[in-house]
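Data block for work_8.csv (CSV, C-alpha atoms and all ligand atoms):
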chain,number,residue,atom,x,y,z
W,1,MET,CA,0.0,0.0,0.0
W,2,ALA,CA,1.5,3.3,-1.0
W,3,THR,CA,1.8,6.0,1.7
W,4,VAL,CA,0.3,9.4,1.8
W,5,VAL,CA,2.2,12.0,3.8
W,6,VAL,CA,0.4,14.9,5.5
W,7,THR,CA,2.7,17.6,6.9
W,8,GLY,CA,0.9,19.6,9.5
W,9,GLY,CA,-1.2,16.5,10.0
W,10,ALA,CA,-1.9,17.1,13.7
W,11,GLY,CA,-3.4,20.5,13.0
W,12,PHE,CA,-7.0,21.6,12.5
W,13,ILE,CA,-7.3,20.8,8.8
W,14,GLY,CA,-4.5,18.3,8.7
W,15,SER,CA,-6.1,16.0,11.3
W,16,HIS,CA,-9.4,15.9,9.4
W,17,LEU,CA,-7.4,15.2,6.2
W,18,CYS,CA,-5.5,12.3,7.9
W,19,GLU,CA,-8.9,10.9,9.1
W,20,ALA,CA,-10.5,11.1,5.6
W,21,LEU,CA,-7.4,9.6,3.9
W,22,LEU,CA,-7.5,6.6,6.3
W,23,ALA,CA,-11.2,6.2,5.7
W,24,LEU,CA,-10.4,6.0,2.0
W,25,GLY,CA,-8.1,3.1,2.7
W,26,ASN,CA,-4.7,4.8,2.6
W,27,ARG,CA,-1.6,4.4,4.7
W,28,VAL,CA,-0.9,7.8,6.3
W,29,VAL,CA,2.2,9.3,7.8
W,30,CYS,CA,1.5,12.5,9.7
W,31,VAL,CA,4.4,14.8,10.2
W,32,ASP,CA,4.0,17.7,12.7
W,33,ASN,CA,6.2,19.7,15.0
W,34,LEU,CA,3.2,20.3,17.3
W,35,PHE,CA,3.7,24.1,17.4
W,36,THR,CA,0.0,24.7,16.5
W,37,GLY,CA,-0.9,21.1,15.9
W,38,ASN,CA,-2.0,19.0,18.9
W,39,ILE,CA,-1.8,15.3,19.7
W,40,ALA,CA,-5.4,15.5,20.9
W,41,ASN,CA,-6.5,16.0,17.3
W,42,ILE,CA,-5.0,12.7,16.2
W,43,ARG,CA,-5.2,10.6,19.3
W,44,GLN,CA,-8.1,8.5,17.9
W,45,LEU,CA,-6.0,7.7,14.9
W,46,LEU,CA,-2.9,6.4,16.8
W,47,PRO,CA,-4.1,2.8,17.3
W,48,ASP,CA,-4.6,2.4,13.5
W,49,SER,CA,-1.7,0.3,12.2
W,50,ARG,CA,-2.0,2.2,8.9
W,51,PHE,CA,-1.3,5.5,10.7
W,52,ARG,CA,2.1,6.8,11.8
W,53,PHE,CA,2.9,10.0,13.6
W,54,VAL,CA,6.4,11.6,13.2
W,55,GLU,CA,7.1,14.6,15.4
W,56,HIS,CA,9.3,16.7,13.2
W,57,ASP,CA,9.7,20.3,12.0
W,58,ILE,CA,9.8,20.5,8.2
W,59,ILE,CA,12.4,23.3,8.4
W,60,THR,CA,14.9,20.4,9.0
W,61,PRO,CA,15.1,17.9,6.0
W,62,PHE,CA,13.3,14.6,6.3
W,63,PHE,CA,13.5,11.5,4.1
W,64,LEU,CA,11.1,8.8,5.2
W,65,ASP,CA,13.1,6.3,3.2
W,66,ASP,CA,11.3,3.3,4.8
W,67,GLU,CA,8.0,4.5,3.2
W,68,ASP,CA,6.8,4.1,-0.4
W,69,ILE,CA,5.3,7.6,-0.7
W,70,SER,CA,2.9,8.3,-3.5
W,71,GLN,CA,1.4,11.6,-2.4
W,72,ILE,CA,2.3,14.5,0.0
W,73,TYR,CA,0.0,17.1,1.3
W,74,ASN,CA,2.0,20.0,2.6
W,75,LEU,CA,0.0,21.7,5.3
W,76,ALA,CA,2.7,22.5,7.7
W,77,CYS,CA,2.6,26.2,8.6
W,78,PRO,CA,0.9,28.2,11.4
W,79,ALA,CA,-2.2,29.6,9.7
W,80,SER,CA,-4.0,32.0,12.0
W,81,PRO,CA,-2.7,35.6,12.1
W,82,VAL,CA,-1.9,35.4,15.9
W,83,HIS,CA,0.1,32.2,15.4
W,84,TYR,CA,1.9,33.1,12.2
W,85,GLN,CA,2.9,36.5,13.6
W,86,TYR,CA,4.1,34.9,16.9
W,87,ASN,CA,7.4,34.0,15.3
W,88,ALA,CA,7.4,35.6,11.9
W,89,ILE,CA,10.8,34.5,10.9
W,90,ARG,CA,9.9,30.9,11.6
W,91,THR,CA,6.8,31.3,9.5
W,92,ILE,CA,8.9,32.4,6.6
W,93,LYS,CA,11.3,29.5,7.1
W,94,ALA,CA,8.4,27.1,7.0
W,95,ASN,CA,7.2,28.5,3.7
W,96,THR,CA,10.7,28.6,2.1
W,97,ILE,CA,13.1,26.1,3.7
W,98,GLY,CA,10.3,23.9,4.8
W,99,VAL,CA,8.6,23.9,1.4
W,100,ILE,CA,12.0,23.1,-0.3
W,101,ASN,CA,12.3,20.2,2.1
W,102,ALA,CA,8.8,18.9,1.3
W,103,LEU,CA,9.5,19.3,-2.4
W,104,GLY,CA,12.8,17.5,-2.0
W,105,LEU,CA,10.9,14.6,-0.4
W,106,ALA,CA,8.5,14.6,-3.3
W,107,LYS,CA,11.4,14.5,-5.8
W,108,ARG,CA,13.2,11.7,-3.9
W,109,HIS,CA,10.1,9.6,-3.9
W,110,GLN,CA,8.7,10.7,-7.3
W,111,ALA,CA,5.5,11.6,-5.3
W,112,ARG,CA,2.8,14.0,-6.2
W,113,ILE,CA,2.7,17.0,-3.8
W,114,LEU,CA,-0.1,19.4,-2.9
W,115,GLN,CA,0.6,22.8,-1.4
W,116,SER,CA,-1.9,24.3,1.0
W,117,SER,CA,-1.7,27.9,-0.3
W,118,THR,CA,-4.1,30.6,0.9
W,119,SER,CA,-6.5,33.4,0.0
W,120,GLU,CA,-3.9,35.6,1.7
W,121,VAL,CA,-1.9,35.5,-1.5
W,122,TYR,CA,-4.5,38.0,-2.7
W,123,GLY,CA,-3.7,40.3,0.3
W,124,ASP,CA,-6.3,43.1,0.7
W,125,PRO,CA,-7.9,42.4,-2.6
W,126,LEU,CA,-8.9,45.1,-5.1
W,127,VAL,CA,-10.8,42.5,-7.2
W,128,HIS,CA,-13.9,41.0,-5.8
W,129,PRO,CA,-14.7,38.1,-5.7
W,130,GLN,CA,-11.2,36.8,-6.1
W,131,THR,CA,-10.3,34.7,-9.2
W,132,GLU,CA,-7.1,32.8,-9.5
W,133,SER,CA,-5.9,35.1,-12.2
W,134,TYR,CA,-5.9,38.1,-9.8
W,135,LYS,CA,-2.3,38.7,-8.8
W,136,GLY,CA,-3.1,40.3,-5.4
W,137,ASN,CA,-2.5,43.4,-3.4
W,138,VAL,CA,0.0,42.3,-0.7
W,139,SER,CA,2.3,44.4,1.5
W,140,THR,CA,5.8,43.1,1.5
W,141,ILE,CA,6.7,44.7,4.8
W,142,GLY,CA,3.5,44.5,7.0
W,143,PRO,CA,2.8,42.2,9.9
W,144,ARG,CA,1.0,39.7,7.6
W,145,ALA,CA,3.8,39.6,5.1
W,146,CYS,CA,5.6,36.7,6.7
W,147,TYR,CA,2.6,34.5,5.8
W,148,ASP,CA,1.3,36.2,2.7
W,149,GLU,CA,4.7,36.6,1.0
W,150,GLY,CA,5.8,33.3,2.4
W,151,LYS,CA,2.8,31.5,0.8
W,152,ARG,CA,3.4,33.4,-2.5
W,153,VAL,CA,7.0,32.3,-2.7
W,154,ALA,CA,5.9,28.8,-1.8
W,155,GLU,CA,3.7,28.7,-4.9
W,156,THR,CA,6.7,29.9,-6.9
W,157,LEU,CA,8.8,27.1,-5.5
W,158,PHE,CA,6.2,24.6,-6.4
W,159,PHE,CA,6.0,25.7,-10.0
W,160,ASP,CA,9.8,25.9,-10.3
W,161,TYR,CA,10.2,22.4,-9.0
W,162,HIS,CA,7.5,21.3,-11.5
W,163,ARG,CA,9.2,23.1,-14.4
W,164,THR,CA,12.8,22.1,-13.4
W,165,HIS,CA,12.3,18.6,-12.1
W,166,GLY,CA,9.0,17.5,-13.5
W,167,ILE,CA,7.5,17.0,-10.0
W,168,GLU,CA,3.7,16.6,-10.1
W,169,ILE,CA,2.2,19.5,-8.2
W,170,ARG,CA,-1.2,20.7,-7.0
W,171,VAL,CA,-1.8,24.1,-5.5
W,172,ALA,CA,-4.9,24.9,-3.5
W,173,ARG,CA,-5.7,28.4,-2.3
W,174,ILE,CA,-7.6,27.8,0.9
W,175,PHE,CA,-10.1,30.5,2.1
W,176,ASN,CA,-11.3,30.9,5.7
W,177,THR,CA,-12.1,27.4,7.0
W,178,TYR,CA,-13.7,26.6,10.3
W,179,GLY,CA,-15.0,23.6,12.3
W,180,PRO,CA,-14.2,21.2,15.2
W,181,ARG,CA,-10.5,21.1,16.2
W,182,MET,CA,-9.8,24.7,15.5
W,183,ALA,CA,-7.2,25.7,18.2
W,184,ILE,CA,-9.0,27.4,21.1
W,185,ASN,CA,-6.3,30.1,21.3
W,186,ASP,CA,-5.7,30.8,17.6
W,187,GLY,CA,-7.3,34.2,17.8
W,188,ARG,CA,-9.4,33.6,14.6
W,189,VAL,CA,-12.8,35.1,14.3
W,190,VAL,CA,-14.9,31.9,14.5
W,191,SER,CA,-13.0,30.3,17.4
W,192,ASN,CA,-12.9,33.7,19.3
W,193,PHE,CA,-16.6,34.5,18.9
W,194,ILE,CA,-17.7,31.0,19.8
W,195,THR,CA,-15.5,30.7,22.9
W,196,GLN,CA,-16.4,34.2,24.0
W,197,ALA,CA,-20.1,33.5,23.6
W,198,LEU,CA,-19.9,30.2,25.5
W,199,ARG,CA,-18.0,31.8,28.3
W,200,GLY,CA,-20.3,34.8,28.5
W,201,GLU,CA,-17.4,37.2,27.7
W,202,ASP,CA,-17.6,40.2,25.4
W,203,ILE,CA,-17.5,39.4,21.7
W,204,THR,CA,-14.7,41.4,20.2
W,205,ILE,CA,-15.3,42.8,16.8
W,206,TYR,CA,-12.2,44.3,15.3
W,207,GLY,CA,-13.0,47.6,13.5
W,208,ASP,CA,-16.7,48.2,12.7
W,209,GLY,CA,-17.4,44.7,11.7
W,210,SER,CA,-18.1,45.6,8.1
W,211,GLN,CA,-15.2,43.6,6.7
W,212,THR,CA,-16.3,40.4,5.0
W,213,ARG,CA,-15.1,36.8,5.0
W,214,SER,CA,-16.6,33.7,3.4
W,215,PHE,CA,-16.4,30.6,5.7
W,216,CYS,CA,-16.0,27.0,4.5
W,217,PHE,CA,-16.7,24.1,6.8
W,218,VAL,CA,-13.7,21.8,7.2
W,219,SER,CA,-15.2,18.6,5.8
W,220,ASP,CA,-16.1,20.5,2.5
W,221,LEU,CA,-12.5,21.8,2.3
W,222,VAL,CA,-10.9,18.4,2.9
W,223,GLY,CA,-13.1,16.9,0.2
W,224,GLY,CA,-11.8,19.6,-2.2
W,225,LEU,CA,-8.1,18.9,-1.3
W,226,ILE,CA,-8.5,15.2,-1.9
W,227,ARG,CA,-10.3,15.8,-5.1
W,228,LEU,CA,-7.6,18.2,-6.3
W,229,MET,CA,-4.8,15.7,-5.4
W,230,ASN,CA,-6.5,12.9,-7.4
W,231,THR,CA,-7.5,14.9,-10.5
W,232,GLU,CA,-5.2,14.4,-13.4
W,233,SER,CA,-3.7,17.2,-15.5
W,234,PHE,CA,-4.8,20.0,-13.3
W,235,THR,CA,-2.2,21.7,-11.2
W,236,GLY,CA,-4.2,24.8,-10.0
W,237,PRO,CA,-3.7,27.2,-8.4
W,238,VAL,CA,-7.4,26.8,-7.5
W,239,ASN,CA,-9.5,28.5,-5.0
W,240,LEU,CA,-11.1,26.2,-2.4
W,241,GLY,CA,-13.6,28.0,-0.2
W,242,ASN,CA,-17.3,28.8,0.4
W,243,PRO,CA,-18.4,31.7,-1.7
W,244,VAL,CA,-21.2,32.7,0.8
W,245,GLU,CA,-19.9,36.0,2.1
W,246,LEU,CA,-20.9,37.8,5.2
W,247,HIS,CA,-19.8,40.7,7.4
W,248,VAL,CA,-17.9,39.9,10.6
W,249,GLY,CA,-20.6,41.8,12.5
W,250,GLU,CA,-23.3,39.5,11.1
W,251,LEU,CA,-21.2,36.5,12.2
W,252,ALA,CA,-21.1,37.8,15.8
W,253,LYS,CA,-24.9,38.0,15.8
W,254,GLU,CA,-25.3,34.5,14.4
W,255,VAL,CA,-23.0,33.1,17.0
W,256,ILE,CA,-24.9,34.8,19.8
W,257,ALA,CA,-28.2,33.5,18.5
W,258,LEU,CA,-26.9,29.9,18.1
W,259,THR,CA,-25.3,29.7,21.5
W,260,GLU,CA,-28.2,31.7,23.2
W,261,SER,CA,-25.4,33.7,24.8
W,262,SER,CA,-25.8,36.8,26.9
W,263,SER,CA,-22.5,38.2,25.7
W,264,ARG,CA,-22.3,41.8,24.6
W,265,ILE,CA,-20.7,42.9,21.3
W,266,VAL,CA,-17.7,45.3,21.8
W,267,THR,CA,-15.3,46.8,19.2
W,268,ARG,CA,-11.6,46.7,19.2
W,269,PRO,CA,-9.1,48.4,16.8
W,270,LEU,CA,-8.7,46.8,13.4
W,271,PRO,CA,-5.3,45.1,13.0
W,272,ALA,CA,-2.9,46.5,10.4
W,273,ASP,CA,-3.4,45.2,6.8
W,274,ASP,CA,-6.7,43.4,7.7
W,275,PRO,CA,-8.3,42.6,4.4
W,276,LYS,CA,-11.6,44.5,3.9
W,277,GLN,CA,-13.3,41.8,1.8
W,278,ARG,CA,-12.7,38.2,0.8
W,279,LYS,CA,-14.8,35.9,-1.2
W,280,PRO,CA,-13.6,33.1,-3.5
W,281,ASP,CA,-14.7,32.8,-7.1
W,282,ILE,CA,-14.9,29.0,-7.3
W,283,THR,CA,-15.7,28.6,-11.0
W,284,LEU,CA,-12.4,26.9,-11.6
W,285,ALA,CA,-12.9,24.3,-8.9
W,286,LYS,CA,-16.5,23.6,-10.1
W,287,GLU,CA,-15.3,23.1,-13.6
W,288,ASN,CA,-12.1,21.1,-13.1
W,289,LEU,CA,-12.9,19.2,-9.9
W,290,GLY,CA,-16.7,19.1,-9.9
W,291,TRP,CA,-16.4,20.5,-6.3
W,292,GLU,CA,-18.4,23.0,-4.3
W,293,PRO,CA,-19.2,23.2,-0.6
W,294,THR,CA,-22.3,21.6,0.6
W,295,VAL,CA,-22.4,22.4,4.4
W,296,ASP,CA,-24.4,25.5,5.2
W,297,ARG,CA,-23.3,27.9,7.9
W,298,THR,CA,-25.9,27.0,10.5
W,299,THR,CA,-25.0,23.3,10.3
W,300,GLY,CA,-21.3,24.0,10.4
W,301,LEU,CA,-21.5,26.5,13.2
W,302,THR,CA,-23.7,24.2,15.2
W,303,ALA,CA,-21.1,21.4,15.0
W,304,THR,CA,-18.3,23.8,15.9
W,305,VAL,CA,-20.2,25.2,18.9
W,306,ALA,CA,-20.7,21.6,20.1
W,307,TYR,CA,-17.0,20.9,19.8
W,308,PHE,CA,-16.0,24.1,21.8
W,309,ARG,CA,-18.7,23.4,24.4
W,310,GLU,CA,-17.1,20.0,25.0
W,311,ILE,CA,-13.5,21.4,25.1
W,312,LEU,CA,-14.4,24.2,27.5
W,313,GLY,CA,-16.4,21.8,29.7
W,314,ARG,CA,-13.4,19.5,29.8
W,315,ASN,CA,-11.0,22.3,30.7
W,316,ALA,CA,-13.4,23.6,33.4
W,317,GLY,CA,-13.5,20.1,35.0
W,318,LYS,CA,-9.7,20.1,35.5
J,401,LIG,N1,-11.8,39.4,13.9
J,401,LIG,C1,-12.7,40.0,14.8
J,401,LIG,N2,-12.7,39.6,16.1
J,401,LIG,C2,-11.9,38.6,16.5
J,401,LIG,C3,-11.0,38.0,15.6
J,401,LIG,C4,-11.0,38.4,14.3
J,401,LIG,O1,-13.4,40.9,14.4
J,401,LIG,O2,-11.9,38.3,17.7
J,401,LIG,C5,-11.8,39.8,12.5
J,401,LIG,C6,-10.5,40.1,11.9
J,401,LIG,O3,-10.1,41.4,12.1
J,401,LIG,C7,-10.7,39.8,10.4
J,401,LIG,C8,-11.8,38.7,10.4
J,401,LIG,O4,-12.4,38.8,11.7
J,401,LIG,O5,-11.3,40.9,9.8
J,401,LIG,C9,-11.2,37.3,10.2
J,401,LIG,O6,-10.1,37.2,11.0
J,401,LIG,P1,-9.3,35.8,11.2
J,401,LIG,O7,-8.2,36.1,12.2
J,401,LIG,O8,-10.3,34.7,11.5
J,401,LIG,O9,-8.7,35.5,9.8
J,401,LIG,P2,-8.2,36.3,8.5
J,401,LIG,O10,-9.3,36.1,7.5
J,401,LIG,O11,-8.1,37.8,8.8
J,401,LIG,O12,-6.9,35.7,8.2
Serialized structure, C-alpha cells:
Amino acid sequence: MATVVVTGGAGFIGSHLCEALLALGNRVVCVDNLFTGNIANIRQLLPDSRFRFVEHDIITPFFLDDEDISQIYNLACPASPVHYQYNAIRTIKANTIGVINALGLAKRHQARILQSSTSEVYGDPLVHPQTESYKGNVSTIGPRACYDEGKRVAETLFFDYHRTHGIEIRVARIFNTYGPRMAINDGRVVSNFITQALRGEDITIYGDGSQTRSFCFVSDLVGGLIRLMNTESFTGPVNLGNPVELHVGELAKEVIALTESSSRIVTRPLPADDPKQRKPDITLAKENLGWEPTVDRTTGLTATVAYFREILGRNAGK
C-alpha cells in the first residue's frame, strides 16, 4: 500500500485530512512539530496500524526512506494571524526552507505533492470576488507579510520544481475554514466568537465589523483537497472555499443566536493590513474538480459550537 504524507497532519485541517485519507483506505504518515498542531487532534488515529505519527519540523530535512510515498499534502505552517505572527521568521522558514524540504521529499520519492496555499496571496484584494488570475495586493513589509509573501514564494517554488524537475504538483488556495479542532487560542474570528459566547465574555469585533469573509466548513474543504490531489492534468492554483460572504458583525450576531449567549458585542481596533473583503470565485474548482461546498453555515457552526462546548467543559473540569 503506497503511503500518503500529511505535513501539519496534527493541525486543525490536517487531522481531518488524515482521518479522511485513512477512511479511503490509505496508509498515512502524519508529520507535525506540534507548534500549533495538537496530539489530541489525532489521538483517535494512533491505534490504527496504517497511521504513523512523526514529530518533526519540516524546516529540517526529512527523508522517510522506509516508506513508499505516492502523495504528499504540505499543510505545515501556522495559519492564524496570531500564530503566524508569533514567530514571523519561523513562519517564513516554514514557507521557504520547509517547502523546499517537502518538495525535496516529493522529488526523492517521485511523489505528487499538494501545497496548501491561501487566499492571503491576494492580500487586501482590489478584485472581488477573487479569481485565481488576480495577482493580489500584498504588503511586502507589513505584519501579515511573513505569511502572505511566504505563501506566495511557496507557490513559486512549487511551479519551479514542477518546471525544473517534473514534479507533479497541486496548489490549493484555501479560504477561511472553520470547524471542530480549531485551536481554542488561535485568535481567529470563528473560534474567538464561539468561545467568547460560550464563556459569556464580550464578543470582540475588530473595526466596525463591516469587513467580510466567506467561511467554509472543514469537511467540505478536505473533500476539495483530496479531489484536487487525485484529479489528473490540473495543477491549479485553484480557490477552495465557500463563496457565501458575510460581514464579521453578522457572524457575531449569528454566534450569539446559536449559543443563546448573553455576551455583549464590543469593538476593538482593526489590526494592520486586515483585508476589507474576501470571497472566492470557485468557478475553476467547479469546472475542473466538480467540487463545491455543501455544508451550510448553521450546520457547520452548530457542529463547531458543540466541539467548543465539550472542550471548554473538559477544561473547566480540570
Ligand atoms: N476578527 C474580529 N474579532 C476577533 C477575531 C478576528 O473581528 O476576535 C476579524 C479580523 O479582524 C478579520 C476577520 O475577523 O477581519 C477574520 O479574522 P481571522 O483572524 O479569523 O482570519 P483572516 O481572514 O483575517 O486571516
* To do: Counting only C-alpha atoms and all ligand atoms, name the residues that have an atom within 7 Å of an atom of ligand LIG 401 (chain J); the answer should be given as a PyMOL selection string.
  => chain W and resi 80-81+176+187-190+192-193+203-207+209+211-213+248+270-271+274-276
Residues near Thr36 (chain W), cut-off 9 Å, all atoms listed in the file, skip fewer than 5 positions along chain, as a PDB file with C-alpha atoms, in the coordinates of the input:
ATOM      1  CA  GLY W   8       0.900  19.600   9.500  1.00  0.00           C
ATOM      2  CA  ALA W  10      -1.900  17.100  13.700  1.00  0.00           C
ATOM      3  CA  GLY W  11      -3.400  20.500  13.000  1.00  0.00           C
ATOM      4  CA  PHE W  12      -7.000  21.600  12.500  1.00  0.00           C
ATOM      5  CA  CYS W  77       2.600  26.200   8.600  1.00  0.00           C
ATOM      6  CA  PRO W  78       0.900  28.200  11.400  1.00  0.00           C
ATOM      7  CA  ALA W  79      -2.200  29.600   9.700  1.00  0.00           C
ATOM      8  CA  HIS W  83       0.100  32.200  15.400  1.00  0.00           C
ATOM      9  CA  ALA W 183      -7.200  25.700  18.200  1.00  0.00           C
ATOM     10  CA  ASP W 186      -5.700  30.800  17.600  1.00  0.00           C
TER      11      ASP W 186
END
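Counting from CA of Tyr178 (chain W), the distance to CA of Phe217 (chain W) is 5.2 Å.
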* Structure fact -> Counting all atoms listed in the file, closest pick from W:Arg264, W:Lys135, W:His165, W:Lys151 relative to Asp202 (chain W) is W:Arg264
* To do: Select, from W:Gln115, W:Thr235, W:Thr3, W:Ser210, the residue with the minimum atom-to-atom distance to Leu103 (chain W), counting all atoms listed in the file.
  => W:Gln115
Would you list the residues near (3.1, 45.6, 3.1) (no more than 12 Å away, in the coordinates of the file, using all atoms listed in the file) as an mmCIF file with C-alpha atoms, in the frame of the given file?
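Contents of result-v5.cif, freshly written:
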data_model
loop_
_atom_site.group_PDB
_atom_site.id
_atom_site.type_symbol
_atom_site.label_atom_id
_atom_site.label_comp_id
_atom_site.auth_asym_id
_atom_site.auth_seq_id
_atom_site.Cartn_x
_atom_site.Cartn_y
_atom_site.Cartn_z
ATOM 1 C CA GLY W 123 -3.700 40.300 0.300
ATOM 2 C CA ASP W 124 -6.300 43.100 0.700
ATOM 3 C CA GLY W 136 -3.100 40.300 -5.400
ATOM 4 C CA ASN W 137 -2.500 43.400 -3.400
ATOM 5 C CA VAL W 138 0.000 42.300 -0.700
ATOM 6 C CA SER W 139 2.300 44.400 1.500
ATOM 7 C CA THR W 140 5.800 43.100 1.500
ATOM 8 C CA ILE W 141 6.700 44.700 4.800
ATOM 9 C CA GLY W 142 3.500 44.500 7.000
ATOM 10 C CA PRO W 143 2.800 42.200 9.900
ATOM 11 C CA ARG W 144 1.000 39.700 7.600
ATOM 12 C CA ALA W 145 3.800 39.600 5.100
ATOM 13 C CA CYS W 146 5.600 36.700 6.700
ATOM 14 C CA TYR W 147 2.600 34.500 5.800
ATOM 15 C CA ASP W 148 1.300 36.200 2.700
ATOM 16 C CA GLU W 149 4.700 36.600 1.000
ATOM 17 C CA ALA W 272 -2.900 46.500 10.400
ATOM 18 C CA ASP W 273 -3.400 45.200 6.800
ATOM 19 C CA ASP W 274 -6.700 43.400 7.700
ATOM 20 C CA PRO W 275 -8.300 42.600 4.400
#
* Residue neighbourhood Gly150 (chain W), 9 Å, all atoms listed in the file, exclusion window fewer than 3 positions, as an NGL selection string -> :W and (91-96 or 121 or 145-147 or 153-155)
* Selected residue of minimal separation from Glu67 (chain W) among W:Val244, W:Val28, W:Ala252, W:Leu34, counting all atoms listed in the file ->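 Checking each candidate against Glu67 (chain W), we get W:Val28 as the closest.
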* Computed interatomic separation between CA of Ile174 (chain W) and CA of Ile42 (chain W) (Å) ->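 Going from CA of Ile174 (chain W) over to CA of Ile42 (chain W) covers 21.7 Å.
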* Shortest interatomic distance to Asp66 (chain W) - which of W:Val6, W:Leu46, W:Leu289, W:Val29, counting all atoms listed in the file -> W:Val29
* To do: Have a look at W:Tyr161, W:Phe215, W:Tyr122, W:Tyr84 and name the one nearest to Gly179 (chain W); count all atoms listed in the file.
  =>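 Ranking W:Tyr161, W:Phe215, W:Tyr122, W:Tyr84 by distance to Gly179 (chain W), first place goes to W:Phe215.
Across W:Arg297, W:Lys253, W:Arg278, W:Arg181, the tightest approach to Ile13 (chain W) is made by W:Arg181 when counting only C-alpha atoms.
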* Asked: Between CA of Val218 (chain W) and CA of Gln44 (chain W), what is the distance, to one decimal in Å?
  ->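 Result for CA of Val218 (chain W) versus CA of Gln44 (chain W): 18.0 Å, one decimal.
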Using the incomplete input, complete region 142-148 of chain W to the level of all heavy atoms; output as a PDB file, in the frame of the given file.
ATOM      1  N   GLY W 142       4.457  44.452   5.858  1.00  0.00           N
ATOM      2  CA  GLY W 142       3.500  44.500   7.000  1.00  0.00           C
ATOM      3  C   GLY W 142       3.574  43.308   7.868  1.00  0.00           C
ATOM      4  O   GLY W 142       4.302  42.355   7.590  1.00  0.00           O
ATOM      5  N   PRO W 143       2.772  43.324   8.954  1.00  0.00           N
ATOM      6  CA  PRO W 143       2.800  42.200   9.900  1.00  0.00           C
ATOM      7  C   PRO W 143       2.267  40.888   9.330  1.00  0.00           C
ATOM      8  O   PRO W 143       2.553  39.825   9.859  1.00  0.00           O
ATOM      9  CB  PRO W 143       1.878  42.700  11.041  1.00  0.00           C
ATOM     10  CG  PRO W 143       1.053  43.792  10.445  1.00  0.00           C
ATOM     11  CD  PRO W 143       1.882  44.409   9.365  1.00  0.00           C
ATOM     12  N   ARG W 144       1.491  40.956   8.243  1.00  0.00           N
ATOM     13  CA  ARG W 144       1.000  39.700   7.600  1.00  0.00           C
ATOM     14  C   ARG W 144       1.915  39.188   6.554  1.00  0.00           C
ATOM     15  O   ARG W 144       1.706  38.106   6.020  1.00  0.00           O
ATOM     16  CB  ARG W 144      -0.413  39.948   7.028  1.00  0.00           C
ATOM     17  CG  ARG W 144      -1.478  40.339   8.038  1.00  0.00           C
ATOM     18  CD  ARG W 144      -2.795  40.651   7.356  1.00  0.00           C
ATOM     19  NE  ARG W 144      -3.603  39.470   7.160  1.00  0.00           N
ATOM     20  CZ  ARG W 144      -4.695  39.180   7.873  1.00  0.00           C
ATOM     21  NH1 ARG W 144      -5.129  39.988   8.827  1.00  0.00           N
ATOM     22  NH2 ARG W 144      -5.373  38.091   7.639  1.00  0.00           N
ATOM     23  N   ALA W 145       2.954  39.968   6.219  1.00  0.00           N
ATOM     24  CA  ALA W 145       3.800  39.600   5.100  1.00  0.00           C
ATOM     25  C   ALA W 145       4.510  38.299   5.232  1.00  0.00           C
ATOM     26  O   ALA W 145       4.721  37.575   4.260  1.00  0.00           O
ATOM     27  CB  ALA W 145       4.785  40.748   4.780  1.00  0.00           C
ATOM     28  N   CYS W 146       4.896  37.964   6.482  1.00  0.00           N
ATOM     29  CA  CYS W 146       5.600  36.700   6.700  1.00  0.00           C
ATOM     30  C   CYS W 146       4.812  35.532   6.163  1.00  0.00           C
ATOM     31  O   CYS W 146       5.361  34.581   5.607  1.00  0.00           O
ATOM     32  CB  CYS W 146       5.950  36.511   8.171  1.00  0.00           C
ATOM     33  SG  CYS W 146       4.505  36.479   9.258  1.00  0.00           S
ATOM     34  N   TYR W 147       3.509  35.606   6.311  1.00  0.00           N
ATOM     35  CA  TYR W 147       2.600  34.500   5.800  1.00  0.00           C
ATOM     36  C   TYR W 147       2.261  34.746   4.374  1.00  0.00           C
ATOM     37  O   TYR W 147       2.425  33.853   3.546  1.00  0.00           O
ATOM     38  CB  TYR W 147       1.376  34.517   6.718  1.00  0.00           C
ATOM     39  CG  TYR W 147       0.433  33.365   6.451  1.00  0.00           C
ATOM     40  CD1 TYR W 147       0.739  32.075   6.884  1.00  0.00           C
ATOM     41  CD2 TYR W 147      -0.777  33.563   5.800  1.00  0.00           C
ATOM     42  CE1 TYR W 147      -0.137  31.021   6.662  1.00  0.00           C
ATOM     43  CE2 TYR W 147      -1.652  32.517   5.568  1.00  0.00           C
ATOM     44  CZ  TYR W 147      -1.334  31.245   6.007  1.00  0.00           C
ATOM     45  OH  TYR W 147      -2.197  30.209   5.773  1.00  0.00           O
ATOM     46  N   ASP W 148       1.783  35.962   4.060  1.00  0.00           N
ATOM     47  CA  ASP W 148       1.300  36.200   2.700  1.00  0.00           C
ATOM     48  C   ASP W 148       2.418  36.058   1.663  1.00  0.00           C
ATOM     49  O   ASP W 148       2.263  35.343   0.672  1.00  0.00           O
ATOM     50  CB  ASP W 148       0.772  37.669   2.572  1.00  0.00           C
ATOM     51  CG  ASP W 148      -0.395  37.947   3.496  1.00  0.00           C
ATOM     52  OD1 ASP W 148      -0.691  37.081   4.343  1.00  0.00           O
ATOM     53  OD2 ASP W 148      -1.011  39.021   3.385  1.00  0.00           O
TER      54      ASP W 148
END
